[in-house]
file target.csv (CSV, N, CA and C atoms)
chain,number,residue,atom,x,y,z
A,23,TRP,N,0.8,-1.2,0.0
A,23,TRP,CA,0.0,0.0,0.0
A,23,TRP,C,0.9,1.2,0.0
A,24,GLN,N,0.5,2.2,-0.7
A,24,GLN,CA,1.2,3.5,-0.8
A,24,GLN,C,0.3,4.6,-0.4
A,25,LEU,N,0.9,5.6,0.2
A,25,LEU,CA,0.2,6.8,0.6
A,25,LEU,C,0.8,8.0,-0.1
A,26,ILE,N,0.0,8.8,-0.8
A,26,ILE,CA,0.5,10.0,-1.4
A,26,ILE,C,0.1,11.1,-0.4
A,27,ALA,N,1.1,11.9,0.0
A,27,ALA,CA,0.9,12.9,1.0
A,27,ALA,C,1.9,14.0,0.9
A,28,TYR,N,1.7,15.1,1.6
A,28,TYR,CA,2.6,16.2,1.6
A,28,TYR,C,3.7,15.9,2.7
A,29,CYS,N,4.9,16.0,2.3
A,29,CYS,CA,6.0,15.8,3.2
A,29,CYS,C,6.6,17.1,3.6
A,30,GLU,N,6.4,17.3,4.9
A,30,GLU,CA,6.9,18.6,5.5
A,30,GLU,C,8.4,18.7,5.4
A,31,HIS,N,9.1,17.6,5.6
A,31,HIS,CA,10.6,17.7,5.5
A,31,HIS,C,11.0,18.1,4.1
A,32,ARG,N,10.4,17.6,3.0
A,32,ARG,CA,10.9,17.9,1.7
A,32,ARG,C,10.1,19.0,1.1
A,33,GLN,N,9.0,19.5,1.8
A,33,GLN,CA,8.2,20.6,1.3
A,33,GLN,C,7.6,20.2,-0.1
A,34,ALA,N,7.1,19.0,-0.3
A,34,ALA,CA,6.6,18.6,-1.6
A,34,ALA,C,5.7,17.3,-1.4
A,35,VAL,N,4.9,17.0,-2.3
A,35,VAL,CA,4.1,15.8,-2.3
A,35,VAL,C,5.0,14.6,-2.6
A,36,ARG,N,4.9,13.6,-1.8
A,36,ARG,CA,5.7,12.4,-2.0
A,36,ARG,C,4.8,11.1,-1.8
A,37,MET,N,5.4,10.0,-2.2
A,37,MET,CA,4.7,8.7,-1.9
A,37,MET,C,5.5,8.0,-0.8
A,38,PHE,N,4.7,7.5,0.1
A,38,PHE,CA,5.2,6.8,1.3
A,38,PHE,C,4.7,5.3,1.3
A,39,LYS,N,5.6,4.4,1.5
A,39,LYS,CA,5.2,3.0,1.7
A,39,LYS,C,4.6,2.8,3.1
A,40,LEU,N,3.4,2.4,3.2
A,40,LEU,CA,2.7,2.3,4.5
A,40,LEU,C,3.4,1.5,5.5
A,41,ASP,N,4.0,0.4,5.1
A,41,ASP,CA,4.7,-0.5,6.1
A,41,ASP,C,6.0,0.0,6.5
A,42,ARG,N,6.4,1.2,6.0
A,42,ARG,CA,7.6,1.9,6.5
A,42,ARG,C,7.3,3.0,7.5
A,43,ILE,N,6.0,3.3,7.7
A,43,ILE,CA,5.7,4.3,8.6
A,43,ILE,C,5.7,3.7,10.0
A,44,ARG,N,6.5,4.3,10.9
A,44,ARG,CA,6.6,3.7,12.3
A,44,ARG,C,5.6,4.3,13.3
A,45,THR,N,5.3,5.6,13.2
A,45,THR,CA,4.4,6.2,14.1
A,45,THR,C,3.5,7.2,13.4
A,46,VAL,N,2.4,7.4,14.0
A,46,VAL,CA,1.4,8.4,13.5
A,46,VAL,C,1.0,9.3,14.6
A,47,THR,N,0.9,10.6,14.4
A,47,THR,CA,0.4,11.5,15.4
A,47,THR,C,-0.8,12.2,14.8
A,48,ILE,N,-1.9,12.1,15.5
A,48,ILE,CA,-3.2,12.7,15.1
A,48,ILE,C,-3.1,14.2,15.6
A,49,LEU,N,-3.2,15.1,14.7
A,49,LEU,CA,-3.1,16.5,15.1
A,49,LEU,C,-4.5,17.1,15.2
A,50,PRO,N,-4.6,18.2,15.9
A,50,PRO,CA,-5.9,18.9,16.1
A,50,PRO,C,-6.4,19.6,14.9
A,51,ILE,N,-5.5,19.7,13.9
A,51,ILE,CA,-5.9,20.4,12.6
A,51,ILE,C,-6.1,19.4,11.5
A,52,SER,N,-6.8,19.8,10.5
A,52,SER,CA,-7.1,18.9,9.4
A,52,SER,C,-6.4,19.4,8.1
A,53,TYR,N,-6.3,18.5,7.2
A,53,TYR,CA,-5.6,18.8,5.9
A,53,TYR,C,-6.7,18.7,4.8
A,54,SER,N,-6.6,19.6,3.9
A,54,SER,CA,-7.5,19.5,2.7
A,54,SER,C,-6.6,19.3,1.5
A,55,ILE,N,-7.1,18.4,0.6
A,55,ILE,CA,-6.3,18.2,-0.6
A,55,ILE,C,-6.5,19.4,-1.5
A,56,PRO,N,-5.5,20.0,-2.0
A,56,PRO,CA,-5.6,21.2,-2.8
A,56,PRO,C,-6.4,20.9,-4.1
A,57,ASP,N,-7.2,21.9,-4.5
A,57,ASP,CA,-8.1,21.8,-5.6
A,57,ASP,C,-7.3,21.5,-6.9
A,58,ASP,N,-6.1,21.9,-7.0
A,58,ASP,CA,-5.3,21.7,-8.2
A,58,ASP,C,-4.5,20.4,-8.2
A,59,PHE,N,-4.7,19.6,-7.2
A,59,PHE,CA,-3.9,18.3,-7.1
A,59,PHE,C,-4.8,17.3,-7.9
A,60,ASP,N,-4.1,16.5,-8.8
A,60,ASP,CA,-4.7,15.5,-9.5
A,60,ASP,C,-3.8,14.2,-9.5
A,61,VAL,N,-4.3,13.1,-9.0
A,61,VAL,CA,-3.5,11.9,-8.8
A,61,VAL,C,-3.0,11.4,-10.2
A,62,ALA,N,-3.9,11.5,-11.2
A,62,ALA,CA,-3.4,11.0,-12.6
A,62,ALA,C,-2.2,11.9,-13.1
A,63,THR,N,-2.3,13.2,-12.8
A,63,THR,CA,-1.2,14.0,-13.2
A,63,THR,C,0.1,13.7,-12.4
A,64,TYR,N,-0.1,13.5,-11.1
A,64,TYR,CA,1.0,13.2,-10.2
A,64,TYR,C,1.7,11.9,-10.7
A,65,MET,N,0.9,10.9,-11.1
A,65,MET,CA,1.4,9.6,-11.4
A,65,MET,C,1.7,9.4,-12.9
A,66,HIS,N,1.6,10.5,-13.7
A,66,HIS,CA,1.9,10.5,-15.1
A,66,HIS,C,3.2,9.8,-15.4
A,67,GLY,N,3.1,8.8,-16.3
A,67,GLY,CA,4.3,8.1,-16.8
A,67,GLY,C,4.7,7.0,-15.9
A,68,ALA,N,4.1,6.8,-14.7
A,68,ALA,CA,4.5,5.8,-13.8
A,68,ALA,C,4.0,4.4,-14.3
A,69,TRP,N,4.8,3.4,-14.0
A,69,TRP,CA,4.4,2.0,-14.2
A,69,TRP,C,4.3,1.4,-12.8
A,70,GLY,N,3.1,1.0,-12.5
A,70,GLY,CA,2.8,0.5,-11.1
A,70,GLY,C,2.9,1.7,-10.2
A,71,MET,N,3.7,1.5,-9.1
A,71,MET,CA,3.7,2.6,-8.1
A,71,MET,C,5.1,3.3,-8.1
A,72,MET,N,6.0,2.9,-9.0
A,72,MET,CA,7.3,3.6,-9.0
A,72,MET,C,7.3,4.7,-9.9
A,73,ARG,N,7.4,5.9,-9.4
A,73,ARG,CA,7.5,7.1,-10.2
A,73,ARG,C,8.9,7.4,-10.7
A,74,ALA,N,9.0,8.1,-11.8
A,74,ALA,CA,10.2,8.6,-12.3
A,74,ALA,C,10.0,10.0,-12.8
A,75,ASP,N,11.1,10.6,-13.3
A,75,ASP,CA,11.0,12.0,-13.8
A,75,ASP,C,10.0,12.0,-15.0
A,76,PRO,N,9.0,12.8,-14.9
A,76,PRO,CA,8.0,12.9,-16.0
A,76,PRO,C,8.6,13.2,-17.3
A,77,SER,N,9.7,13.9,-17.4
A,77,SER,CA,10.3,14.2,-18.6
A,77,SER,C,11.0,13.0,-19.3
A,78,ALA,N,11.1,11.9,-18.5
A,78,ALA,CA,11.7,10.7,-19.0
A,78,ALA,C,10.7,9.8,-19.7
A,79,VAL,N,9.5,10.2,-19.9
A,79,VAL,CA,8.5,9.4,-20.5
A,79,VAL,C,8.8,9.1,-22.0
A,80,GLU,N,8.7,7.9,-22.4
A,80,GLU,CA,9.0,7.5,-23.8
A,80,GLU,C,8.1,6.4,-24.2
A,81,THR,N,8.1,6.1,-25.5
A,81,THR,CA,7.3,5.1,-26.0
A,81,THR,C,8.1,3.7,-26.0
A,82,VAL,N,7.4,2.7,-25.4
A,82,VAL,CA,8.0,1.4,-25.3
A,82,VAL,C,7.1,0.5,-26.2
A,83,LEU,N,7.8,-0.3,-27.0
A,83,LEU,CA,7.1,-1.2,-27.9
A,83,LEU,C,7.6,-2.6,-27.7
A,84,LEU,N,6.6,-3.5,-27.3
A,84,LEU,CA,7.0,-4.9,-27.0
A,84,LEU,C,6.2,-5.9,-27.9
A,85,ARG,N,6.8,-7.0,-28.1
A,85,ARG,CA,6.1,-8.1,-28.9
A,85,ARG,C,6.1,-9.3,-28.0
A,86,PHE,N,4.9,-9.8,-27.7
A,86,PHE,CA,4.7,-10.9,-26.9
A,86,PHE,C,4.3,-12.1,-27.7
A,87,THR,N,4.7,-13.3,-27.3
A,87,THR,CA,4.3,-14.6,-28.0
A,87,THR,C,2.7,-14.7,-27.8
A,88,PRO,N,2.1,-15.5,-28.7
A,88,PRO,CA,0.6,-15.6,-28.5
A,88,PRO,C,0.2,-16.0,-27.1
A,89,GLU,N,0.9,-16.9,-26.5
A,89,GLU,CA,0.6,-17.4,-25.1
A,89,GLU,C,0.6,-16.3,-24.1
A,90,ALA,N,1.8,-15.6,-24.1
A,90,ALA,CA,1.9,-14.5,-23.1
A,90,ALA,C,1.0,-13.3,-23.5
A,91,GLY,N,0.9,-13.1,-24.8
A,91,GLY,CA,0.1,-12.0,-25.3
A,91,GLY,C,-1.3,-12.0,-24.8
A,92,ARG,N,-1.9,-13.2,-24.7
A,92,ARG,CA,-3.3,-13.4,-24.2
A,92,ARG,C,-3.4,-12.8,-22.8
A,93,TRP,N,-2.4,-13.2,-21.9
A,93,TRP,CA,-2.4,-12.7,-20.6
A,93,TRP,C,-2.2,-11.2,-20.5
A,94,VAL,N,-1.3,-10.6,-21.3
A,94,VAL,CA,-1.1,-9.2,-21.3
A,94,VAL,C,-2.3,-8.4,-21.8
A,95,ALA,N,-2.9,-8.9,-22.9
A,95,ALA,CA,-3.9,-8.2,-23.5
A,95,ALA,C,-5.2,-8.1,-22.7
A,96,GLU,N,-5.4,-9.0,-21.8
A,96,GLU,CA,-6.6,-9.0,-21.0
A,96,GLU,C,-6.6,-8.1,-19.7
A,97,GLU,N,-5.4,-7.4,-19.5
A,97,GLU,CA,-5.3,-6.5,-18.4
A,97,GLU,C,-5.1,-5.1,-18.8
A,98,ASP,N,-5.6,-4.2,-17.9
A,98,ASP,CA,-5.3,-2.7,-18.1
A,98,ASP,C,-4.1,-2.4,-17.3
A,99,TRP,N,-2.9,-2.3,-17.9
A,99,TRP,CA,-1.7,-2.1,-17.2
A,99,TRP,C,-1.4,-0.6,-17.0
A,100,HIS,N,-1.8,0.2,-18.0
A,100,HIS,CA,-1.5,1.6,-18.0
A,100,HIS,C,-2.5,2.4,-18.9
A,101,PRO,N,-2.8,3.6,-18.5
A,101,PRO,CA,-3.8,4.4,-19.3
A,101,PRO,C,-3.3,4.6,-20.8
A,102,SER,N,-2.0,4.6,-21.0
A,102,SER,CA,-1.6,4.9,-22.4
A,102,SER,C,-1.4,3.6,-23.3
A,103,GLN,N,-1.7,2.5,-22.7
A,103,GLN,CA,-1.4,1.2,-23.4
A,103,GLN,C,-2.2,1.1,-24.7
A,104,GLN,N,-1.6,0.5,-25.7
A,104,GLN,CA,-2.3,0.1,-26.9
A,104,GLN,C,-1.9,-1.3,-27.2
A,105,VAL,N,-2.8,-2.2,-27.5
A,105,VAL,CA,-2.6,-3.6,-27.7
A,105,VAL,C,-3.2,-4.0,-29.0
A,106,ARG,N,-2.4,-4.8,-29.8
A,106,ARG,CA,-2.9,-5.2,-31.1
A,106,ARG,C,-2.3,-6.6,-31.3
A,107,THR,N,-3.2,-7.5,-31.8
A,107,THR,CA,-2.8,-8.9,-32.2
A,107,THR,C,-2.5,-8.8,-33.6
A,108,VAL,N,-1.3,-9.4,-34.0
A,108,VAL,CA,-0.9,-9.4,-35.4
A,108,VAL,C,-1.2,-10.8,-36.0
A,109,GLU,N,-0.9,-10.9,-37.3
A,109,GLU,CA,-1.3,-12.1,-38.1
A,109,GLU,C,-0.8,-13.4,-37.5
A,110,ASP,N,0.4,-13.4,-36.9
A,110,ASP,CA,1.0,-14.7,-36.4
A,110,ASP,C,0.5,-15.0,-35.0
A,111,GLY,N,-0.4,-14.2,-34.5
A,111,GLY,CA,-1.0,-14.4,-33.1
A,111,GLY,C,-0.2,-13.7,-32.0
A,112,CYS,N,0.9,-13.1,-32.4
A,112,CYS,CA,1.7,-12.4,-31.4
A,112,CYS,C,0.9,-11.1,-31.0
A,113,VAL,N,1.3,-10.5,-29.9
A,113,VAL,CA,0.6,-9.3,-29.4
A,113,VAL,C,1.6,-8.2,-29.4
A,114,LEU,N,1.3,-7.1,-30.0
A,114,LEU,CA,2.2,-5.9,-29.9
A,114,LEU,C,1.6,-5.0,-28.8
A,115,PHE,N,2.4,-4.6,-27.9
A,115,PHE,CA,2.0,-3.8,-26.7
A,115,PHE,C,2.8,-2.6,-26.7
A,116,GLN,N,2.1,-1.4,-26.8
A,116,GLN,CA,2.8,-0.1,-26.7
A,116,GLN,C,2.3,0.7,-25.5
A,117,VAL,N,3.2,1.3,-24.9
A,117,VAL,CA,2.9,2.1,-23.7
A,117,VAL,C,3.9,3.3,-23.6
A,118,ARG,N,3.4,4.4,-23.1
A,118,ARG,CA,4.2,5.6,-22.9
A,118,ARG,C,4.5,5.8,-21.4
A,119,ILE,N,5.7,5.5,-21.0
A,119,ILE,CA,6.0,5.5,-19.5
A,119,ILE,C,7.5,6.0,-19.4
A,120,ALA,N,7.8,6.3,-18.1
A,120,ALA,CA,9.2,6.4,-17.7
A,120,ALA,C,9.7,5.1,-17.3
A,121,ILE,N,10.7,4.6,-17.9
A,121,ILE,CA,11.2,3.2,-17.6
A,121,ILE,C,11.9,3.2,-16.2
A,122,THR,N,11.3,2.3,-15.4
A,122,THR,CA,11.8,2.2,-14.0
A,122,THR,C,12.3,0.7,-13.8
A,123,PRO,N,13.0,0.5,-12.7
A,123,PRO,CA,13.4,-0.9,-12.4
A,123,PRO,C,12.1,-1.8,-12.2
A,124,GLU,N,11.1,-1.3,-11.7
A,124,GLU,CA,9.8,-2.0,-11.6
A,124,GLU,C,9.3,-2.5,-12.9
A,125,PHE,N,9.4,-1.7,-14.0
A,125,PHE,CA,9.0,-2.1,-15.3
A,125,PHE,C,9.9,-3.1,-15.9
A,126,VAL,N,11.2,-3.0,-15.7
A,126,VAL,CA,12.2,-3.9,-16.2
A,126,VAL,C,11.9,-5.3,-15.6
A,127,ASN,N,11.6,-5.3,-14.3
A,127,ASN,CA,11.3,-6.6,-13.6
A,127,ASN,C,10.0,-7.2,-14.1
A,128,TRP,N,9.1,-6.4,-14.5
A,128,TRP,CA,7.8,-6.9,-15.1
A,128,TRP,C,8.2,-7.6,-16.4
A,129,LEU,N,9.0,-7.0,-17.2
A,129,LEU,CA,9.4,-7.6,-18.5
A,129,LEU,C,10.2,-8.9,-18.3
A,130,LEU,N,11.1,-8.9,-17.3
A,130,LEU,CA,11.9,-10.1,-17.1
A,130,LEU,C,11.0,-11.3,-16.6
A,131,TYR,N,9.9,-11.0,-16.0
A,131,TYR,CA,8.9,-12.1,-15.6
A,131,TYR,C,8.5,-12.9,-16.9
A,132,TYR,N,8.4,-12.3,-18.0
A,132,TYR,CA,7.9,-12.9,-19.2
A,132,TYR,C,9.0,-13.6,-20.0
A,133,GLY,N,10.3,-13.4,-19.6
A,133,GLY,CA,11.4,-14.1,-20.2
A,133,GLY,C,11.4,-14.1,-21.7
A,134,ALA,N,11.6,-15.3,-22.3
A,134,ALA,CA,11.6,-15.4,-23.8
A,134,ALA,C,10.3,-15.1,-24.5
A,135,LYS,N,9.3,-14.9,-23.7
A,135,LYS,CA,7.9,-14.7,-24.2
A,135,LYS,C,7.7,-13.3,-24.6
A,136,VAL,N,8.7,-12.4,-24.4
A,136,VAL,CA,8.5,-11.0,-24.8
A,136,VAL,C,9.8,-10.6,-25.5
A,137,GLU,N,9.7,-9.7,-26.5
A,137,GLU,CA,10.8,-9.1,-27.2
A,137,GLU,C,10.6,-7.6,-27.1
A,138,VAL,N,11.7,-6.9,-26.7
A,138,VAL,CA,11.6,-5.4,-26.7
A,138,VAL,C,12.0,-4.9,-28.0
A,139,LEU,N,11.0,-4.3,-28.7
A,139,LEU,CA,11.3,-3.7,-30.0
A,139,LEU,C,11.8,-2.3,-29.9
A,140,GLY,N,11.5,-1.6,-28.8
A,140,GLY,CA,12.1,-0.3,-28.6
A,140,GLY,C,11.6,0.2,-27.3
A,141,PRO,N,12.4,1.2,-26.7
A,141,PRO,CA,13.6,1.8,-27.3
A,141,PRO,C,14.8,0.8,-27.1
A,142,GLU,N,15.9,1.1,-27.9
A,142,GLU,CA,17.0,0.2,-27.9
A,142,GLU,C,17.7,0.1,-26.5
A,143,HIS,N,17.8,1.2,-25.7
A,143,HIS,CA,18.4,1.1,-24.4
A,143,HIS,C,17.7,0.1,-23.5
A,144,LEU,N,16.4,0.0,-23.6
A,144,LEU,CA,15.6,-0.9,-22.8
A,144,LEU,C,15.9,-2.3,-23.3
A,145,ARG,N,16.0,-2.5,-24.6
A,145,ARG,CA,16.3,-3.8,-25.2
A,145,ARG,C,17.7,-4.3,-24.6
A,146,ARG,N,18.7,-3.4,-24.6
A,146,ARG,CA,20.0,-3.8,-24.0
A,146,ARG,C,19.9,-4.1,-22.6
A,147,THR,N,19.1,-3.3,-21.8
A,147,THR,CA,19.0,-3.5,-20.4
A,147,THR,C,18.4,-4.9,-20.1
A,148,VAL,N,17.4,-5.3,-20.8
A,148,VAL,CA,16.7,-6.6,-20.6
A,148,VAL,C,17.7,-7.7,-21.0
A,149,SER,N,18.3,-7.5,-22.1
A,149,SER,CA,19.3,-8.5,-22.6
A,149,SER,C,20.4,-8.7,-21.6
A,150,ASN,N,20.9,-7.6,-21.0
A,150,ASN,CA,22.0,-7.8,-20.0
A,150,ASN,C,21.5,-8.5,-18.8
A,151,GLU,N,20.3,-8.3,-18.4
A,151,GLU,CA,19.8,-8.9,-17.2
A,151,GLU,C,19.6,-10.4,-17.5

call {"tool": "encode", "arguments": {"input": "target.csv", "output": "structure tokens"}}
result
Amino acid sequence: WQLIAYCEHRQAVRMFKLDRIRTVTILPISYSIPDDFDVATYMHGAWGMMRADPSAVETVLLRFTPEAGRWVAEEDWHPSQQVRTVEDGCVLFQVRIAITPEFVNWLLYYGAKVEVLGPEHLRRTVSNE
């Protein structure tokens, strides 16, 4: 579980992993979410719960085998995803995200059932792993 909250120490909105919070103090004042705060904007480009620099968002194109492609195609992984089955039964999966270690681990789960078509630096990262 993750908590999106204002961090007084950093003077900015941050994400906190709930199981890392050691103590909580209930204050006599209350907090209101600012009208201009939008969770979708805050999480823009994130894969799962790991955020990255929003300027690092790029297009990722993957090719899944027919077997793995069925699993991938039936889920909503990200708001930007586009999924298309091609003639040989493989599934092309495109998403616009900032590439994080969490995303690389997701790819590694599929092993030889996924091929990174782009970007090239992600292809090399997965290959090296």

call {"tool": "atom_distance", "arguments": {"input": "target.csv", "atom1": "CA of Leu49 (chain A)", "atom2": "CA of Thr63 (chain A)"}}
result
28.5 Å

call {"tool": "closest_residue", "arguments": {"input": "target.csv", "among": "A:Ala120, A:Val105, A:Ser52, A:Leu129", "to": "Ser77 (chain A)", "atoms": "all atoms listed in the file"}}
result
A:Ala120

call {"tool": "residues_around", "arguments": {"input": "target.csv", "residues": "Leu40 (chain A)", "least_positions_apart": "5", "cutoff": "6 Å", "atoms": "only N, CA and C atoms", "output": "list in words"}}
result
Trp23, Gln24 and Leu25 of chain A

call {"tool": "atom_distance", "arguments": {"input": "target.csv", "atom1": "atom C of Val126 (chain A)", "atom2": "atom C of Tyr28 (chain A)"}}
result
29.2 Å

call {"tool": "atom_distance", "arguments": {"input": "target.csv", "atom1": "CA of Arg118 (chain A)", "atom2": "CA of Gln103 (chain A)"}}
result
7.1 Å

call {"tool": "closest_residue", "arguments": {"input": "target.csv", "among": "A:Asp41, A:Glu80, A:Val148, A:Asp60", "to": "Gly133 (chain A)", "atoms": "only C-alpha atoms"}}
result
A:Val148

call {"tool": "select_by_dssp", "arguments": {"input": "target.csv", "residues": "region 30-140 of chain A", "states": "alpha helix (DSSP H)", "output": "number ranges by chain"}}
result
A: 61-64, 88-95, 123-132

call {"tool": "select_by_dssp", "arguments": {"input": "target.csv", "residues": "region 41-136 of chain A", "states": "strand (DSSP E or B)", "output": "MDAnalysis selection string"}}
result
chainID A and resid 69 72 80:86 104:107 113:119 136

call {"tool": "residues_around", "arguments": {"input": "target.csv", "residues": "Val113 (chain A)", "least_positions_apart": "2", "cutoff": "12 Å", "atoms": "only C-alpha atoms", "output": "MDAnalysis selection string"}}
result
chainID A and resid 83:96 104:111 115:116 135:138

call {"tool": "closest_residue", "arguments": {"input": "target.csv", "among": "A:Ala78, A:Leu139, A:Val35, A:Val117", "to": "Pro101 (chain A)", "atoms": "only C-alpha atoms"}}
result
A:Val117

call {"tool": "build_atoms", "arguments": {"input": "target.csv", "residues": "region 81-90 of chain A", "atoms": "all heavy atoms", "output": "short mmCIF file (atom, residue, chain, number, x, y, z; two decimals), keeping the file's coordinate frame"}}
result
data_model
loop_
_atom_site.label_atom_id
_atom_site.label_comp_id
_atom_site.auth_asym_id
_atom_site.auth_seq_id
_atom_site.Cartn_x
_atom_site.Cartn_y
_atom_site.Cartn_z
N THR A 81 8.10 6.10 -25.50
CA THR A 81 7.30 5.10 -26.00
C THR A 81 8.10 3.70 -26.00
O THR A 81 9.21 3.66 -26.40
CB THR A 81 6.90 5.36 -27.49
OG1 THR A 81 6.15 6.58 -27.51
CG2 THR A 81 6.07 4.23 -28.09
N VAL A 82 7.40 2.70 -25.40
CA VAL A 82 8.00 1.40 -25.30
C VAL A 82 7.10 0.50 -26.20
O VAL A 82 5.87 0.53 -26.14
CB VAL A 82 7.92 0.87 -23.85
CG1 VAL A 82 8.36 -0.58 -23.78
CG2 VAL A 82 8.78 1.75 -22.96
N LEU A 83 7.80 -0.30 -27.00
CA LEU A 83 7.10 -1.20 -27.90
C LEU A 83 7.60 -2.60 -27.70
O LEU A 83 8.77 -2.90 -27.72
CB LEU A 83 7.25 -0.86 -29.39
CG LEU A 83 6.51 -1.73 -30.40
CD1 LEU A 83 4.99 -1.70 -30.15
CD2 LEU A 83 6.82 -1.27 -31.82
N LEU A 84 6.60 -3.50 -27.30
CA LEU A 84 7.00 -4.90 -27.00
C LEU A 84 6.20 -5.90 -27.90
O LEU A 84 5.09 -5.57 -28.34
CB LEU A 84 6.58 -5.20 -25.54
CG LEU A 84 7.09 -4.22 -24.49
CD1 LEU A 84 6.43 -4.50 -23.15
CD2 LEU A 84 8.60 -4.31 -24.38
N ARG A 85 6.80 -7.00 -28.10
CA ARG A 85 6.10 -8.10 -28.90
C ARG A 85 6.10 -9.30 -28.00
O ARG A 85 7.12 -9.87 -27.62
CB ARG A 85 6.89 -8.38 -30.18
CG ARG A 85 6.26 -9.46 -31.04
CD ARG A 85 7.15 -9.69 -32.27
NE ARG A 85 6.58 -10.67 -33.14
CZ ARG A 85 5.78 -10.41 -34.17
NH1 ARG A 85 5.47 -9.17 -34.46
NH2 ARG A 85 5.31 -11.39 -34.91
N PHE A 86 4.90 -9.80 -27.70
CA PHE A 86 4.70 -10.90 -26.90
C PHE A 86 4.30 -12.10 -27.70
O PHE A 86 3.55 -11.98 -28.72
CB PHE A 86 3.53 -10.68 -25.83
CG PHE A 86 3.92 -9.75 -24.73
CD1 PHE A 86 3.72 -8.39 -24.84
CD2 PHE A 86 4.51 -10.24 -23.57
CE1 PHE A 86 4.08 -7.53 -23.81
CE2 PHE A 86 4.87 -9.40 -22.53
CZ PHE A 86 4.66 -8.02 -22.66
N THR A 87 4.70 -13.30 -27.30
CA THR A 87 4.30 -14.60 -28.00
C THR A 87 2.70 -14.70 -27.80
O THR A 87 2.14 -14.03 -26.93
CB THR A 87 4.90 -15.79 -27.33
OG1 THR A 87 4.47 -15.88 -25.96
CG2 THR A 87 6.43 -15.74 -27.41
N PRO A 88 2.10 -15.50 -28.70
CA PRO A 88 0.60 -15.60 -28.50
C PRO A 88 0.20 -16.00 -27.10
O PRO A 88 -0.78 -15.49 -26.59
CB PRO A 88 0.29 -16.69 -29.56
CG PRO A 88 1.36 -16.55 -30.60
CD PRO A 88 2.61 -16.20 -29.83
N GLU A 89 0.90 -16.90 -26.50
CA GLU A 89 0.60 -17.40 -25.10
C GLU A 89 0.60 -16.30 -24.10
O GLU A 89 -0.33 -15.98 -23.44
CB GLU A 89 1.52 -18.52 -24.71
CG GLU A 89 1.25 -19.01 -23.30
CD GLU A 89 2.32 -19.96 -22.79
OE1 GLU A 89 3.42 -20.04 -23.38
OE2 GLU A 89 2.04 -20.61 -21.78
N ALA A 90 1.80 -15.60 -24.10
CA ALA A 90 1.90 -14.50 -23.10
C ALA A 90 1.00 -13.30 -23.50
O ALA A 90 0.53 -12.58 -22.64
CB ALA A 90 3.37 -14.07 -22.99
#
